Each structure stands twice: as structure tokens, then as C-alpha cells.
Amino acid sequence: MTADSVPVTGGGAAPAGGVQAPPPPEPAPAAAGPVLGFRELSERVIASVVERYPWLNRVLMGVLAVCTGTCVVAVVSRLSPLPLIPVPLFLVAGYGLWRARGVTDRRALGNWVLLFAIAAMVGFWLISVVGRWVE
């Protein structure tokens with residue numbers, strides 16, 4: 001039996017002649033770097049997704065092409081030009097995606113992806129609105 005394994009009794013003092021464990025080390029001070037904001041966090045996430053999934057650009061471009069083709073087919077089937085309303089937004093989204101393809105700067109990549117996302121979301125919303133108008 002060693003002095004470290006002797007149970008401490010009364011007041012928390014070590015037994016006479018026993019060995020005390022050293023005090024725990026103090027935590028290291030945190031780095032004094034800038035606090036990350038939402039913008040920088042989103043840029044880091046977008047950059048890591050683009051690096052990890054290089055095929056994602058082509059898949060999203062294909063989805064935009066299918067949506068644009070669906071709008072064109074809807075013009076023929078509904079005999080109305082209203083389904084063409086979201087097409088310019090899908091073209092803007094495709095342009096943003098195309099420009100984001102070769103960007104190396106995180107801030108510019110975030111801007112182009114943001115343009116793609118907003119234009120695509122508004123385009124999908126317009127598809128639902130036009131679908132209600134044409135019914």
C-alpha cells in the first residue's frame with residue numbers, strides 16, 4: 001500500500017509523511033484571435049463542401065437544367081407563357097454556380113454560392129406561385 005492510496009480522512013489533509021499529488025495544471029489561455037462571425041463560418045462551410053464534393057457543381061447545374069426544361073415543357077402543355085417566369089432566375093442561379101466553379105477566394109466563393117442559392121430559391125417559389133395561377 002502506497003501513501004497515494006491511503007484514504008484521506010478528516011479535513012482533507014494528507015496523512016503525515018504521505019505524498020500529495022501535484023495540483024492540476026492551469027488551463028492554457030485561449031488564443032486572442034478574432035471571434036468568428038456568421039459570415040466567416042458560412043464561408044468556411046461552403047469552402048469545405050466545395051473541396052469535399054467536387055461533383056456537386058455538376059449535379060446542381062443538372063438540377064437547374066431539369067427545372068428550366070420543365071418550365072419550357074409546361075409552356076407547351078399549358079399553352080401559356082406564365083411558366084417561363086422562373087427561367088431568368090434559374091439562368092442567374094446557373095451563372096452564379098458557373099462563376100463559383102473556379103473561384104479560390106473564400107469570400108468570392110461565398111458570394112457566388114449566395115447568388116445561386118437566392119436565385120434558385122426564388123425561382124422554385126415562383127414555380128409554385130405560377131402553378132397556382134395557371135390552375
# chains A, B, ... in the order shown; residues from 1 in each chain; ligands from 1

call {"tool": "residues_around", "arguments": {"residues": "range 60-64 of chain A", "least_positions_apart": "6", "cutoff": "9 Å", "atoms": "only C-alpha atoms", "output": "PyMOL selection string"}}
result
chain A and resi 90-91+93-94+97-98+120

call {"tool": "write_last_selection", "arguments": {"atoms": "N, CA, C and O atoms", "output": "PDB file, in the first residue's frame"}}
result
ATOM      1  N   PHE A  90     -33.458  30.982 -62.869  1.00  0.00           N
ATOM      2  CA  PHE A  90     -32.633  29.774 -62.974  1.00  0.00           C
ATOM      3  C   PHE A  90     -31.370  30.051 -63.780  1.00  0.00           C
ATOM      4  O   PHE A  90     -30.315  29.478 -63.503  1.00  0.00           O
ATOM      5  N   LEU A  91     -31.462  30.936 -64.760  1.00  0.00           N
ATOM      6  CA  LEU A  91     -30.260  31.305 -65.512  1.00  0.00           C
ATOM      7  C   LEU A  91     -29.283  32.093 -64.636  1.00  0.00           C
ATOM      8  O   LEU A  91     -28.068  31.883 -64.705  1.00  0.00           O
ATOM      9  N   ALA A  93     -29.081  31.792 -61.388  1.00  0.00           N
ATOM     10  CA  ALA A  93     -28.538  30.797 -60.462  1.00  0.00           C
ATOM     11  C   ALA A  93     -27.449  29.968 -61.147  1.00  0.00           C
ATOM     12  O   ALA A  93     -26.405  29.685 -60.550  1.00  0.00           O
ATOM     13  N   GLY A  94     -27.669  29.603 -62.387  1.00  0.00           N
ATOM     14  CA  GLY A  94     -26.656  28.859 -63.132  1.00  0.00           C
ATOM     15  C   GLY A  94     -25.401  29.678 -63.362  1.00  0.00           C
ATOM     16  O   GLY A  94     -24.282  29.153 -63.284  1.00  0.00           O
ATOM     17  N   LEU A  97     -23.494  29.678 -60.124  1.00  0.00           N
ATOM     18  CA  LEU A  97     -22.852  28.382 -59.933  1.00  0.00           C
ATOM     19  C   LEU A  97     -21.652  28.215 -60.858  1.00  0.00           C
ATOM     20  O   LEU A  97     -20.620  27.676 -60.468  1.00  0.00           O
ATOM     21  N   TRP A  98     -21.777  28.702 -62.073  1.00  0.00           N
ATOM     22  CA  TRP A  98     -20.685  28.616 -63.046  1.00  0.00           C
ATOM     23  C   TRP A  98     -19.491  29.461 -62.598  1.00  0.00           C
ATOM     24  O   TRP A  98     -18.349  29.041 -62.701  1.00  0.00           O
ATOM     25  N   ALA A 120     -32.054  30.488 -57.012  1.00  0.00           N
ATOM     26  CA  ALA A 120     -32.726  29.191 -57.138  1.00  0.00           C
ATOM     27  C   ALA A 120     -33.953  29.123 -56.228  1.00  0.00           C
ATOM     28  O   ALA A 120     -35.015  28.643 -56.649  1.00  0.00           O
TER      29      ALA A 120
END

call {"tool": "closest_residue", "arguments": {"among": "A:Pro27, A:Gly102, A:Pro86, A:Pro81", "to": "Met121 in chain A", "atoms": "only C-alpha atoms"}}
result
A:Pro86

call {"tool": "residues_around", "arguments": {"residues": "Leu126 in chain A", "least_positions_apart": "4", "cutoff": "9 Å", "atoms": "only C-alpha atoms", "output": "VMD selection string"}}
result
chain A and resid 83 85 to 86 121 to 122 130 to 131

call {"tool": "closest_residue", "arguments": {"among": "A:Val103, A:Cys71, A:Leu82, A:Val92", "to": "Glu51 in chain A", "atoms": "only C-alpha atoms"}}
result
A:Val103
